[in-house]
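coords02.cif follows; it contains mmCIF, C-alpha atoms.
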data_start
#
loop_
_atom_site.label_atom_id
_atom_site.label_comp_id
_atom_site.auth_asym_id
_atom_site.auth_seq_id
_atom_site.Cartn_x
_atom_site.Cartn_y
_atom_site.Cartn_z
CA MET A 1 -43.19 -70.84 -68.60
CA LEU A 2 -44.98 -68.17 -70.63
CA SER A 3 -46.94 -66.89 -67.65
CA GLN A 4 -43.78 -66.77 -65.56
CA CYS A 5 -42.05 -64.85 -68.32
CA LEU A 6 -44.95 -62.39 -68.60
CA ARG A 7 -45.04 -61.90 -64.83
CA SER A 8 -41.33 -61.09 -64.80
CA LEU A 9 -41.66 -58.75 -67.76
CA SER A 10 -44.68 -57.01 -66.22
CA LEU A 11 -42.74 -56.45 -63.04
CA PHE A 12 -39.89 -55.07 -65.13
CA ALA A 13 -42.31 -52.73 -66.90
CA VAL A 14 -43.76 -51.50 -63.61
CA CYS A 15 -40.26 -50.90 -62.29
CA ILE A 16 -39.32 -48.91 -65.39
CA SER A 17 -42.51 -46.88 -65.09
CA SER A 18 -41.94 -46.24 -61.39
CA LEU A 19 -38.37 -45.20 -62.04
CA HIS A 20 -39.61 -42.64 -64.55
CA ALA A 21 -42.05 -41.17 -62.03
CA ALA A 22 -39.68 -41.33 -59.10
CA SER A 23 -36.88 -39.62 -61.02
CA PHE A 24 -39.06 -36.62 -61.70
CA GLU A 25 -38.68 -34.31 -58.74
CA LEU A 26 -41.22 -31.56 -59.05
CA PRO A 27 -40.71 -28.67 -56.65
CA PRO A 28 -43.06 -28.25 -53.69
CA LEU A 29 -45.85 -25.69 -53.94
CA ASN A 30 -44.82 -24.19 -50.62
CA SER A 31 -41.36 -23.68 -49.29
CA PRO A 32 -41.18 -23.84 -46.31
CA PRO A 33 -44.09 -26.26 -46.18
CA SER A 34 -47.30 -25.40 -44.37
CA THR A 35 -50.33 -27.27 -43.11
CA GLU A 36 -52.66 -24.85 -44.89
CA HIS A 37 -55.13 -26.38 -47.35
CA HIS A 38 -57.69 -24.70 -49.60
CA VAL A 39 -59.81 -27.32 -51.31
CA GLY A 40 -61.20 -26.03 -54.59
CA LYS A 41 -58.51 -23.41 -55.14
CA VAL A 42 -56.51 -23.43 -58.38
CA VAL A 43 -53.00 -23.82 -57.02
CA TRP A 44 -50.88 -24.64 -60.06
CA ALA A 45 -50.88 -24.72 -63.85
CA ASP A 46 -48.88 -26.75 -66.35
CA LEU A 47 -48.42 -26.22 -70.04
CA VAL A 48 -47.28 -28.79 -72.55
CA THR A 49 -45.79 -26.98 -75.48
CA PRO A 50 -43.97 -28.00 -78.66
CA SER A 51 -41.13 -25.54 -78.01
CA LEU A 52 -39.93 -24.61 -74.56
CA ALA A 53 -37.62 -21.97 -75.99
CA THR A 54 -40.50 -20.22 -77.76
CA ALA A 55 -42.74 -20.46 -74.71
CA GLU A 56 -40.04 -19.12 -72.40
CA LYS A 57 -39.47 -16.18 -74.72
CA PHE A 58 -43.19 -15.43 -74.86
CA TYR A 59 -44.11 -15.80 -71.19
CA GLY A 60 -40.84 -14.35 -70.00
CA GLY A 61 -41.32 -11.33 -72.23
CA LEU A 62 -44.98 -10.93 -71.35
CA PHE A 63 -45.09 -11.54 -67.61
CA GLY A 64 -41.44 -11.27 -66.64
CA TRP A 65 -41.35 -14.92 -65.63
CA THR A 66 -37.95 -16.52 -65.28
CA PHE A 67 -37.41 -20.23 -65.75
CA GLN A 68 -35.64 -22.94 -63.86
CA SER A 69 -34.98 -26.22 -65.57
CA ILE A 70 -35.53 -29.38 -63.62
CA ARG A 71 -34.85 -31.73 -66.49
CA ALA A 72 -35.25 -35.30 -65.37
CA GLY A 73 -34.73 -38.38 -67.45
CA GLU A 74 -36.12 -37.78 -70.92
CA SER A 75 -38.39 -34.91 -69.89
CA ASP A 76 -37.62 -31.24 -70.34
CA TYR A 77 -39.62 -29.52 -67.61
CA VAL A 78 -39.10 -25.96 -66.49
CA VAL A 79 -40.64 -24.12 -63.59
CA ALA A 80 -41.76 -20.57 -64.28
CA ILE A 81 -40.84 -18.22 -61.46
CA GLU A 82 -42.47 -14.90 -60.68
CA ALA A 83 -40.82 -12.72 -58.01
CA GLY A 84 -39.03 -15.74 -56.59
CA ARG A 85 -42.14 -17.90 -56.37
CA PRO A 86 -42.89 -20.86 -58.66
CA VAL A 87 -46.09 -20.17 -60.61
CA ALA A 88 -46.27 -22.73 -63.38
CA GLY A 89 -44.61 -25.67 -65.06
CA LEU A 90 -43.84 -26.06 -68.75
CA ILE A 91 -42.92 -29.26 -70.48
CA GLU A 92 -41.80 -29.77 -74.05
CA LYS A 93 -43.49 -32.30 -76.27
CA PRO A 94 -43.48 -32.10 -80.07
CA ILE A 95 -46.77 -32.03 -81.94
CA SER A 96 -46.95 -33.06 -85.54
CA ASP A 97 -49.49 -31.54 -87.91
CA SER A 98 -51.19 -34.90 -88.14
CA ASP A 99 -51.80 -34.90 -84.38
CA ARG A 100 -54.51 -32.26 -84.78
CA ARG A 101 -53.89 -31.11 -81.22
CA GLN A 102 -53.16 -27.76 -79.65
CA PRO A 103 -51.60 -26.79 -76.34
CA ALA A 104 -53.66 -25.59 -73.40
CA TRP A 105 -52.85 -24.65 -69.84
CA LEU A 106 -53.92 -27.30 -67.36
CA ALA A 107 -55.26 -26.02 -64.02
CA PHE A 108 -54.51 -27.98 -60.86
CA ILE A 109 -57.21 -27.69 -58.22
CA ALA A 110 -56.40 -28.40 -54.58
CA VAL A 111 -57.86 -31.43 -52.85
CA ARG A 112 -57.03 -33.27 -49.63
CA ASP A 113 -57.40 -36.81 -50.98
CA VAL A 114 -56.81 -37.35 -54.69
CA ASP A 115 -58.14 -40.88 -54.80
CA ALA A 116 -61.33 -40.06 -52.92
CA VAL A 117 -62.01 -37.09 -55.21
CA LYS A 118 -61.26 -39.23 -58.24
CA ARG A 119 -63.85 -41.78 -57.13
CA THR A 120 -66.44 -39.07 -56.51
CA ALA A 121 -65.74 -37.52 -59.90
CA LEU A 122 -66.14 -40.84 -61.68
CA ALA A 123 -69.40 -41.45 -59.82
CA HIS A 124 -70.66 -38.10 -61.14
CA LYS A 125 -69.93 -38.73 -64.83
CA GLY A 126 -66.38 -37.47 -64.76
CA LYS A 127 -63.66 -39.27 -66.67
CA LEU A 128 -60.17 -40.30 -65.63
CA ILE A 129 -57.55 -38.96 -68.04
CA ALA A 130 -54.41 -39.84 -66.10
CA ASP A 131 -54.46 -41.88 -62.93
CA SER A 132 -53.04 -40.78 -59.60
CA VAL A 133 -49.29 -40.40 -59.32
CA THR A 134 -47.26 -39.24 -56.34
CA TYR A 135 -44.25 -36.97 -56.74
CA ALA A 136 -42.26 -36.83 -53.54
CA MET A 137 -42.06 -33.10 -53.01
CA ARG A 138 -45.13 -32.03 -54.99
CA GLY A 139 -47.77 -34.42 -53.72
CA ARG A 140 -50.31 -36.69 -55.35
CA GLN A 141 -52.11 -35.68 -58.53
CA ALA A 142 -54.42 -36.99 -61.22
CA ILE A 143 -56.01 -35.60 -64.36
CA LEU A 144 -59.75 -35.74 -64.89
CA ALA A 145 -62.35 -34.54 -67.36
CA ASP A 146 -65.72 -33.23 -66.28
CA PRO A 147 -69.00 -34.51 -67.78
CA GLU A 148 -68.66 -32.21 -70.80
CA GLY A 149 -65.00 -33.08 -71.30
CA ALA A 150 -63.23 -30.05 -69.83
CA VAL A 151 -59.89 -31.28 -68.53
CA PHE A 152 -58.50 -30.32 -65.13
CA ALA A 153 -56.08 -31.77 -62.62
CA ILE A 154 -56.41 -32.37 -58.91
CA LEU A 155 -53.49 -32.06 -56.55
CA ALA A 156 -53.05 -32.97 -52.90
CA SER A 157 -50.00 -30.89 -52.17
CA SER A 158 -47.56 -32.46 -49.75
CA SER A 159 -46.31 -29.02 -48.72
CA GLY A 160 -49.71 -27.41 -48.16
CA ASP A 161 -51.55 -25.04 -50.46
CA PRO A 162 -50.45 -21.48 -51.22
CA PRO A 163 -52.00 -18.98 -48.83
CA ASP A 164 -54.95 -16.86 -49.89
CA TYR A 165 -53.26 -13.65 -50.91
CA LEU A 166 -54.21 -11.29 -53.70
CA ALA A 167 -52.21 -12.39 -56.73
CA SER A 168 -49.45 -10.05 -57.79
CA PRO A 169 -49.17 -8.99 -61.44
CA GLY A 170 -47.72 -11.96 -63.29
CA GLU A 171 -49.44 -14.51 -61.07
CA TRP A 172 -52.60 -16.53 -61.73
CA ILE A 173 -55.59 -14.67 -60.40
CA TRP A 174 -58.69 -16.40 -61.78
CA SER A 175 -60.03 -19.35 -63.73
CA SER A 176 -63.17 -19.70 -65.78
CA LEU A 177 -64.91 -22.77 -67.07
CA HIS A 178 -66.72 -22.50 -70.40
CA ALA A 179 -69.29 -25.15 -71.11
CA LYS A 180 -72.57 -25.92 -72.78
CA ASP A 181 -74.44 -26.35 -69.50
CA PRO A 182 -72.68 -24.52 -66.65
CA GLU A 183 -75.49 -25.35 -64.26
CA VAL A 184 -74.86 -29.07 -64.54
CA GLU A 185 -71.11 -28.52 -64.63
CA ALA A 186 -71.32 -26.46 -61.43
CA SER A 187 -73.18 -29.33 -59.82
CA PHE A 188 -70.37 -31.69 -60.79
CA TYR A 189 -67.67 -29.44 -59.37
CA GLN A 190 -69.73 -28.82 -56.25
CA SER A 191 -69.93 -32.57 -55.69
CA ILE A 192 -66.17 -33.00 -55.82
CA PHE A 193 -64.86 -29.77 -54.28
CA GLY A 194 -67.80 -28.80 -52.06
CA TYR A 195 -68.06 -25.39 -53.68
CA ASP A 196 -70.63 -22.83 -52.69
CA VAL A 197 -72.30 -21.87 -55.96
CA TYR A 198 -73.67 -18.41 -56.61
CA ASP A 199 -75.63 -17.20 -59.58
CA ALA A 200 -73.95 -14.30 -61.31
CA GLU A 201 -75.82 -11.58 -63.11
CA SER A 202 -75.97 -12.01 -66.83
CA ALA A 203 -75.87 -9.05 -69.15
CA ASP A 204 -75.78 -11.27 -72.22
CA GLY A 205 -78.49 -13.80 -71.46
CA MET A 206 -75.89 -16.52 -70.91
CA GLU A 207 -75.64 -18.48 -67.71
CA HIS A 208 -72.78 -17.58 -65.37
CA VAL A 209 -72.14 -18.92 -61.87
CA ILE A 210 -69.39 -18.30 -59.35
CA LEU A 211 -67.74 -21.21 -57.52
CA SER A 212 -66.35 -20.42 -54.09
CA SER A 213 -64.64 -22.13 -51.20
CA ASP A 214 -63.36 -20.82 -47.86
CA ASP A 215 -65.60 -17.79 -48.59
CA TYR A 216 -63.44 -16.78 -51.54
CA ALA A 217 -64.46 -16.82 -55.17
CA ARG A 218 -62.32 -19.47 -56.91
CA ALA A 219 -63.67 -19.68 -60.45
CA SER A 220 -66.65 -19.10 -62.66
CA ALA A 221 -68.65 -21.45 -64.87
CA ASN A 222 -70.08 -19.89 -67.99
CA SER A 223 -72.22 -20.77 -70.98
CA PHE A 224 -70.37 -20.70 -74.26
CA PRO A 225 -70.58 -17.33 -75.95
CA ASP A 226 -73.55 -17.20 -78.24
CA ASN A 227 -71.90 -17.44 -81.61
CA GLN A 228 -71.60 -20.30 -83.99
CA GLY A 229 -68.00 -21.21 -83.22
CA ARG A 230 -66.88 -24.80 -82.91
CA ARG A 231 -66.55 -25.24 -79.20
CA HIS A 232 -65.66 -27.71 -76.53
CA ALA A 233 -65.82 -27.36 -72.77
CA HIS A 234 -62.59 -25.97 -71.36
CA TRP A 235 -60.97 -24.19 -68.49
CA LEU A 236 -59.28 -20.86 -69.07
CA ASN A 237 -56.79 -19.40 -66.61
CA PHE A 238 -56.09 -15.70 -66.10
CA VAL A 239 -52.89 -13.96 -65.11
CA ARG A 240 -53.19 -10.66 -63.29
CA VAL A 241 -51.92 -7.75 -65.36
CA VAL A 242 -51.74 -4.03 -64.77
CA ASN A 243 -53.04 -3.05 -68.19
CA ALA A 244 -54.80 -5.63 -70.35
CA SER A 245 -54.62 -3.52 -73.52
CA ASP A 246 -50.88 -2.99 -73.22
CA MET A 247 -50.33 -6.66 -72.46
CA THR A 248 -52.46 -7.74 -75.40
CA ALA A 249 -50.37 -5.61 -77.72
CA LYS A 250 -47.22 -6.99 -76.13
CA ALA A 251 -48.47 -10.55 -76.58
CA VAL A 252 -48.92 -9.90 -80.28
CA SER A 253 -45.45 -8.39 -80.55
CA LEU A 254 -44.08 -11.57 -78.95
CA GLY A 255 -45.71 -13.81 -81.52
CA GLY A 256 -49.07 -14.40 -79.86
CA ARG A 257 -52.50 -13.54 -81.20
CA VAL A 258 -55.64 -12.03 -79.75
CA LEU A 259 -58.59 -14.34 -79.09
CA VAL A 260 -60.71 -11.89 -77.11
CA GLU A 261 -60.07 -8.16 -77.32
CA PRO A 262 -59.77 -6.31 -74.02
CA HIS A 263 -63.16 -5.44 -72.60
CA PRO A 264 -64.54 -4.57 -69.17
CA ASP A 265 -65.61 -7.42 -66.93
CA ARG A 266 -68.03 -7.38 -64.01
CA HIS A 267 -65.45 -6.14 -61.50
CA GLY A 268 -64.78 -3.08 -63.63
CA GLY A 269 -61.31 -4.10 -64.77
CA MET A 270 -60.46 -5.21 -68.27
CA VAL A 271 -59.98 -8.80 -69.37
CA ALA A 272 -58.61 -10.21 -72.60
CA VAL A 273 -57.63 -13.61 -73.95
CA VAL A 274 -54.54 -14.19 -76.03
CA ALA A 275 -52.94 -17.29 -77.49
CA ASP A 276 -49.23 -17.92 -77.15
CA PRO A 277 -47.20 -18.64 -80.31
CA ALA A 278 -48.09 -22.34 -80.10
CA GLY A 279 -51.78 -21.54 -79.68
CA ALA A 280 -52.27 -22.05 -75.94
CA PRO A 281 -54.93 -19.63 -74.71
CA VAL A 282 -54.23 -17.54 -71.63
CA GLY A 283 -56.41 -14.92 -70.01
CA LEU A 284 -55.28 -11.48 -68.92
CA MET A 285 -57.14 -9.79 -66.09
CA GLU A 286 -56.69 -6.36 -64.61
CA TRP A 287 -57.34 -6.15 -60.91
CA SER A 288 -56.53 -2.93 -59.10
CA ASP A 289 -55.77 -3.23 -55.40
CA SER A 290 -58.98 -1.36 -54.69
CA ASP A 291 -61.09 -3.75 -56.76
CA THR A 292 -61.64 -6.06 -53.83
CA LYS A 293 -63.64 -3.97 -51.44
CA ALA A 294 -64.16 -6.25 -48.51
CA GLU A 295 -62.64 -9.20 -46.76
CA PRO A 296 -64.88 -12.23 -46.44
CA LYS A 297 -66.60 -12.87 -43.18
CA MET B 1 -33.88 -73.02 -79.33
CA LYS B 2 -32.50 -71.62 -76.09
CA ARG B 3 -31.05 -68.66 -78.02
CA MET B 4 -34.44 -68.01 -79.65
CA ARG B 5 -36.16 -68.01 -76.24
CA TRP B 6 -33.66 -65.42 -75.03
CA ALA B 7 -34.24 -63.31 -78.14
CA ILE B 8 -38.02 -63.46 -77.68
CA GLY B 9 -37.60 -62.61 -74.00
CA ILE B 10 -35.42 -59.60 -74.71
CA ALA B 11 -37.71 -58.36 -77.49
CA GLY B 12 -40.68 -58.72 -75.14
CA ALA B 13 -38.87 -56.87 -72.37
CA LEU B 14 -37.96 -54.02 -74.69
CA SER B 15 -41.53 -53.81 -75.98
CA LEU B 16 -42.96 -53.71 -72.49
CA ALA B 17 -40.38 -51.16 -71.39
CA ALA B 18 -41.41 -49.00 -74.32
CA ILE B 19 -45.07 -49.42 -73.40
CA ALA B 20 -44.28 -48.55 -69.80
CA GLY B 21 -42.39 -45.47 -70.89
CA CYS B 22 -45.29 -44.44 -73.06
CA ALA B 23 -47.96 -45.20 -70.52
CA VAL B 24 -48.28 -41.52 -69.77
CA ASP B 25 -46.99 -40.41 -73.11
CA GLY B 26 -50.17 -40.04 -75.13
CA VAL B 27 -51.59 -36.67 -76.04
CA GLY B 28 -55.00 -35.15 -76.01
CA VAL B 29 -57.94 -35.50 -73.75
CA ASN B 30 -57.49 -39.25 -73.82
CA GLY B 31 -54.00 -39.14 -72.45
CA THR B 32 -51.27 -37.05 -70.99
CA VAL B 33 -47.94 -35.81 -72.08
CA GLY B 34 -44.46 -36.33 -70.82
CA VAL B 35 -42.42 -39.40 -70.22
CA GLY B 36 -42.64 -40.08 -66.53
CA TYR B 37 -44.62 -36.98 -65.77
CA VAL B 38 -48.38 -36.96 -65.48
CA GLY B 39 -49.00 -33.30 -65.94
CA GLY B 40 -50.21 -31.57 -69.02
CA TYR B 41 -52.08 -32.46 -72.14
CA TYR B 42 -52.79 -31.32 -75.65
CA GLU B 43 -56.39 -30.68 -76.53
CA PRO B 44 -58.17 -31.27 -79.83
CA TYR B 45 -57.21 -28.78 -82.49
CA GLY B 46 -59.42 -26.14 -84.00
CA TYR B 47 -61.79 -25.20 -81.20
CA ASP B 48 -62.89 -21.62 -80.76
CA TYR B 49 -61.89 -19.74 -77.64
CA GLY B 50 -63.01 -16.34 -78.88
CA GLY B 51 -66.30 -14.84 -79.96
CA TRP B 52 -67.14 -13.25 -76.63
CA GLY B 53 -69.95 -10.79 -77.18
CA PRO B 54 -70.53 -7.57 -75.28
CA GLY B 55 -71.51 -8.28 -71.70
CA TYR B 56 -69.95 -11.74 -71.66
CA ALA B 57 -68.38 -11.51 -68.20
CA VAL B 58 -66.44 -14.33 -66.58
CA GLY B 59 -64.56 -12.66 -63.73
CA PRO B 60 -65.22 -12.40 -60.02
CA TYR B 61 -67.25 -9.69 -58.35
CA ARG B 62 -65.75 -7.17 -56.07
CA GLY B 63 -66.32 -7.99 -52.43
CA GLY B 64 -69.58 -7.10 -50.78
CA HIS B 65 -71.84 -7.90 -53.71
CA GLY B 66 -75.31 -8.66 -52.42
CA GLY B 67 -75.92 -11.72 -54.59
CA TYR B 68 -78.27 -12.56 -57.39
CA VAL B 69 -80.78 -15.29 -58.05
CA ARG B 70 -81.34 -16.37 -61.63
CA ASP B 71 -84.88 -17.27 -62.60
CA ARG B 72 -84.54 -20.61 -64.37
CA GLY B 73 -88.08 -21.74 -63.90
CA HIS B 74 -86.74 -24.84 -62.16
CA ALA B 75 -84.46 -25.69 -59.25
CA PRO B 76 -80.83 -25.52 -60.33
CA ALA B 77 -78.84 -28.72 -60.70
CA PHE B 78 -76.40 -27.41 -58.10
CA ARG B 79 -77.15 -26.63 -54.47
CA PRO B 80 -77.29 -22.82 -54.31
CA ALA B 81 -75.33 -20.99 -51.63
CA PRO B 82 -77.58 -20.09 -48.72
CA ARG B 83 -79.65 -16.97 -49.27
CA GLY B 84 -78.23 -14.07 -47.34
CA HIS B 85 -74.66 -15.15 -48.06
CA SER B 86 -73.13 -12.26 -49.92
CA MET B 87 -71.18 -13.12 -53.06
CA PRO B 88 -67.52 -13.58 -52.09
CA SER B 89 -64.67 -12.06 -54.04
CA ILE B 90 -61.08 -13.14 -54.49
CA PRO B 91 -58.56 -12.66 -51.67
CA SER B 92 -57.70 -9.02 -51.13
CA ARG B 93 -54.81 -9.27 -48.70
CA PRO B 94 -51.51 -8.50 -50.41
CA ARG B 95 -48.73 -10.95 -49.75
CA GLY B 96 -46.60 -10.13 -46.73
CA ARG B 97 -49.22 -8.10 -44.89
#

Would it be possible to restate this file's structure as structure tokens?
Amino acid sequence: MLSQCLRSLSLFAVCISSLHAASFELPPLNSPPSTEHHVGKVVWADLVTPSLATAEKFYGGLFGWTFQSIRAGESDYVVAIEAGRPVAGLIEKPISDSDRRQPAWLAFIAVRDVDAVKRTALAHKGKLIADSVTYAMRGRQAILADPEGAVFAILASSSGDPPDYLASPGEWIWSSLHAKDPEVEASFYQSIFGYDVYDAESADGMEHVILSSDDYARASANSFPDNQGRRHAHWLNFVRVVNASDMTAKAVSLGGRVLVEPHPDRHGGMVAVVADPAGAPVGLMEWSDSDTKAEPK
Amino acid sequence: MKRMRWAIGIAGALSLAAIAGCAVDGVGVNGTVGVGYVGGYYEPYGYDYGGWGPGYAVGPYRGGHGGYVRDRGHAPAFRPAPRGHSMPSIPSRPRGR
């Protein structure tokens, strides 16, 4: 009697859970869909934030993003749009002071088979944060942590991956991983995404490597900066900007704060890191059209 | 007795429904956020994202960089890209061209 009751209730619970997932219709990455896939490319980013209104004001004011609500069920989710193209998702979730948590952008990296990548990641000391879920138009996704605990998502897009164009200002252009041991971290990511890994020159004695796929640089893995800050491994995502100094000042005027002052990076352009009003870090990267000198082979 | 069974059943159903609704509703690196949406997360509070010293570079190279081999004194944990492969850059083709 009890087991029968539990079986029925479990089924009911699964149904409720499925209904939640099914009712959430995330937009496709590509419209119209394509068959193009770029494993290892950061193709999407989501932000959980305590106030959508504040976030919309900040990111809209800073990057000119507009927002389209796709509220479903109990979730308030908005898609950030840049020049008519979806670039990010934002979801509201309150944080209490006792939670001792802060928001952070979550990068979604393209894969062909979420469950196969998940298994490989777990076999290489990764950790499963949220198991695979399929959203009809978006595709199948899961959230993982690497061996040092940096959190990232994997996504097998059902509409193909965005083509390899130079990001326009206001779009994501780059991602960097910051970790205690980037060499070992690079090995982990190479095992799951098949990256080519290149050593990068180091002007500061720290270790930096570049992760590439399809003969394009996709991200970097970097030692923590050599100061005594309290650190944890994390991904940081950069939006292309025309002028990092101007955008840093603008971020402050919109309620953000500066985490890293604008300074020149290895490509010659300036980079900076700011935090939005809720504390989510976001990178700013200048990239002039002439900064990329050559097409890959 | 029959009424009590019904009450227990309904209470159990509501509890399980709540658990199901919260299955993806945790926060932090041990969970995700959003009822019905497995997407984002909140990370532990108080970690330092700043403190980048001079020369701390994280961006891509421009295309055509010849490459670089770091002397670690041991074979790297990763499999290095083949020697002779020049360091790739990010895509350079503007959209629509």

For this file, the PyMOL selection byres ((chain A and resi 120) around 12) selects which residues, as a PyMOL selection string?
chain A and resi 113-119+121-128+144+146+188-194

Kindly export the residues of the current selection with C-alpha atoms, as a JSON list (two decimals), in the coordinates of the input.
[["chain", "number", "residue", "atom", "x", "y", "z"],
["A", 113, "ASP", "CA", -57.40, -36.81, -50.98],
["A", 114, "VAL", "CA", -56.81, -37.35, -54.69],
["A", 115, "ASP", "CA", -58.14, -40.88, -54.80],
["A", 116, "ALA", "CA", -61.33, -40.06, -52.92],
["A", 117, "VAL", "CA", -62.01, -37.09, -55.21],
["A", 118, "LYS", "CA", -61.26, -39.23, -58.24],
["A", 119, "ARG", "CA", -63.85, -41.78, -57.13],
["A", 121, "ALA", "CA", -65.74, -37.52, -59.90],
["A", 122, "LEU", "CA", -66.14, -40.84, -61.68],
["A", 123, "ALA", "CA", -69.40, -41.45, -59.82],
["A", 124, "HIS", "CA", -70.66, -38.10, -61.14],
["A", 125, "LYS", "CA", -69.93, -38.73, -64.83],
["A", 126, "GLY", "CA", -66.38, -37.47, -64.76],
["A", 127, "LYS", "CA", -63.66, -39.27, -66.67],
["A", 128, "LEU", "CA", -60.17, -40.30, -65.63],
["A", 144, "LEU", "CA", -59.75, -35.74, -64.89],
["A", 146, "ASP", "CA", -65.72, -33.23, -66.28],
["A", 188, "PHE", "CA", -70.37, -31.69, -60.79],
["A", 189, "TYR", "CA", -67.67, -29.44, -59.37],
["A", 190, "GLN", "CA", -69.73, -28.82, -56.25],
["A", 191, "SER", "CA", -69.93, -32.57, -55.69],
["A", 192, "ILE", "CA", -66.17, -33.00, -55.82],
["A", 193, "PHE", "CA", -64.86, -29.77, -54.28],
["A", 194, "GLY", "CA", -67.80, -28.80, -52.06]]

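Put simply, the PyMOL selection byres ((chain A and resi 95) around 6) on this file hits Pro50, Pro94 and Ser96 of chain A.
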
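Every residue that the PyMOL selection byres ((chain A and resi 267) around 7) selects in this file is listed here: Asp265, Arg266, Gly268, Gly269 and Asp291 of chain A; Gly59, Pro60, Tyr61 and Arg62 of chain B.
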
Write the residues you've just listed into a file as a compact mmCIF listing (two decimals), in the coordinates of the input, and include C-alpha atoms for each of them.
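Result file is part_34.txt:
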# COMPACT_ATOMS: atom_id res chain seq x y z
CA ASP A 265 -65.61 -7.42 -66.93
CA ARG A 266 -68.03 -7.38 -64.01
CA GLY A 268 -64.78 -3.08 -63.63
CA GLY A 269 -61.31 -4.10 -64.77
CA ASP A 291 -61.09 -3.75 -56.76
CA GLY B 59 -64.56 -12.66 -63.73
CA PRO B 60 -65.22 -12.40 -60.02
CA TYR B 61 -67.25 -9.69 -58.35
CA ARG B 62 -65.75 -7.17 -56.07

Could you please determine the separation between CA of Leu236 in chain A and CA of Pro103 in chain A in Å, to one decimal place?
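So the answer is 12.1 Å.
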
Need to verify the contact set: range 54-56 of chain B, 10 Å, only C-alpha atoms, exclusion of same-chain residues closer than 5 positions in sequence. Can you return it as a short mmCIF file (atom, residue, chain, number, x, y, z; two decimals) with C-alpha atoms, in the coordinates of the input?
data_model
loop_
_atom_site.label_atom_id
_atom_site.label_comp_id
_atom_site.auth_asym_id
_atom_site.auth_seq_id
_atom_site.Cartn_x
_atom_site.Cartn_y
_atom_site.Cartn_z
CA SER A 202 -75.97 -12.01 -66.83
CA ALA A 203 -75.87 -9.05 -69.15
CA ASP A 204 -75.78 -11.27 -72.22
CA GLY A 205 -78.49 -13.80 -71.46
CA MET A 206 -75.89 -16.52 -70.91
CA GLU A 207 -75.64 -18.48 -67.71
CA HIS A 208 -72.78 -17.58 -65.37
CA ASN A 222 -70.08 -19.89 -67.99
CA SER A 223 -72.22 -20.77 -70.98
CA PHE A 224 -70.37 -20.70 -74.26
CA PRO A 225 -70.58 -17.33 -75.95
CA ASP A 226 -73.55 -17.20 -78.24
CA HIS A 263 -63.16 -5.44 -72.60
CA PRO A 264 -64.54 -4.57 -69.17
CA ASP A 265 -65.61 -7.42 -66.93
CA ARG A 266 -68.03 -7.38 -64.01
#

Residues near Tyr47 in chain B, anyone? I mean within 10 Å using all atoms listed in the file, not counting same-chain ones fewer than 2 positions away, as a PDB file with C-alpha atoms, keeping the file's coordinate frame.
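Ended up saving to around-v6.pdb:
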ATOM      1  CA  ARG A 101     -53.890 -31.110 -81.220  1.00  0.00           C
ATOM      2  CA  GLN A 102     -53.160 -27.760 -79.650  1.00  0.00           C
ATOM      3  CA  GLY A 229     -68.000 -21.210 -83.220  1.00  0.00           C
ATOM      4  CA  ARG A 230     -66.880 -24.800 -82.910  1.00  0.00           C
ATOM      5  CA  ARG A 231     -66.550 -25.240 -79.200  1.00  0.00           C
ATOM      6  CA  HIS A 232     -65.660 -27.710 -76.530  1.00  0.00           C
ATOM      7  CA  ALA A 233     -65.820 -27.360 -72.770  1.00  0.00           C
ATOM      8  CA  HIS A 234     -62.590 -25.970 -71.360  1.00  0.00           C
TER       9      HIS A 234
ATOM     10  CA  GLU B  43     -56.390 -30.680 -76.530  1.00  0.00           C
ATOM     11  CA  PRO B  44     -58.170 -31.270 -79.830  1.00  0.00           C
ATOM     12  CA  TYR B  45     -57.210 -28.780 -82.490  1.00  0.00           C
ATOM     13  CA  TYR B  49     -61.890 -19.740 -77.640  1.00  0.00           C
ATOM     14  CA  GLY B  50     -63.010 -16.340 -78.880  1.00  0.00           C
TER      15      GLY B  50
END

My list of candidates is A:Val43, A:Ala167, A:Ala53, A:Ala110. Which is closest to chain B when distances are computed with only C-alpha atoms?
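Checking each of A:Val43, A:Ala167, A:Ala53, A:Ala110 against chain B, counting only C-alpha atoms, the winner is A:Ala167.
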
Counting all atoms listed in the file, what is within 12 Å of Leu106 in chain A, bar same-chain residues fewer than 2 positions away, as a PyMOL selection string?
(chain A and resi 42-49+88-91+103-104+108-109+142-145+150-155+175+177+234-238+280-282) or (chain B and resi 28-29+32-33+38-43)

Determine the nearest neighbour of Arg72 in chain B from the options A:Glu183, A:Asp214, A:Ala83, A:Ala251, counting only C-alpha atoms.
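Closest to Arg72 in chain B, using only C-alpha atoms: A:Glu183.
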
What does the distance between CA of Lys250 in chain A and CA of Pro277 in chain A come to in Å, to one decimal place?
12.4 Å

Close residues, range 57-59 of chain A itself excluded, 10 Å, all atoms listed in the file, min 5 positions apart in chain, as a PyMOL selection string:
chain A and resi 52+64-67+80+170+250-256+276-278

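Distances to chain A were evaluated for B:Gly96, B:Pro88, B:Pro82, B:Asp71 using all atoms listed in the file, and the minimum falls at B:Pro88.
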
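Of note, CA of Ser132 in chain A and CA of Asn30 in chain A are spaced 20.6 Å apart.
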
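Candidate residues A:Trp287, A:Tyr77, A:Tyr165, A:Tyr135 were compared for distance to chain B, and the nearest is A:Tyr165, using all atoms listed in the file.
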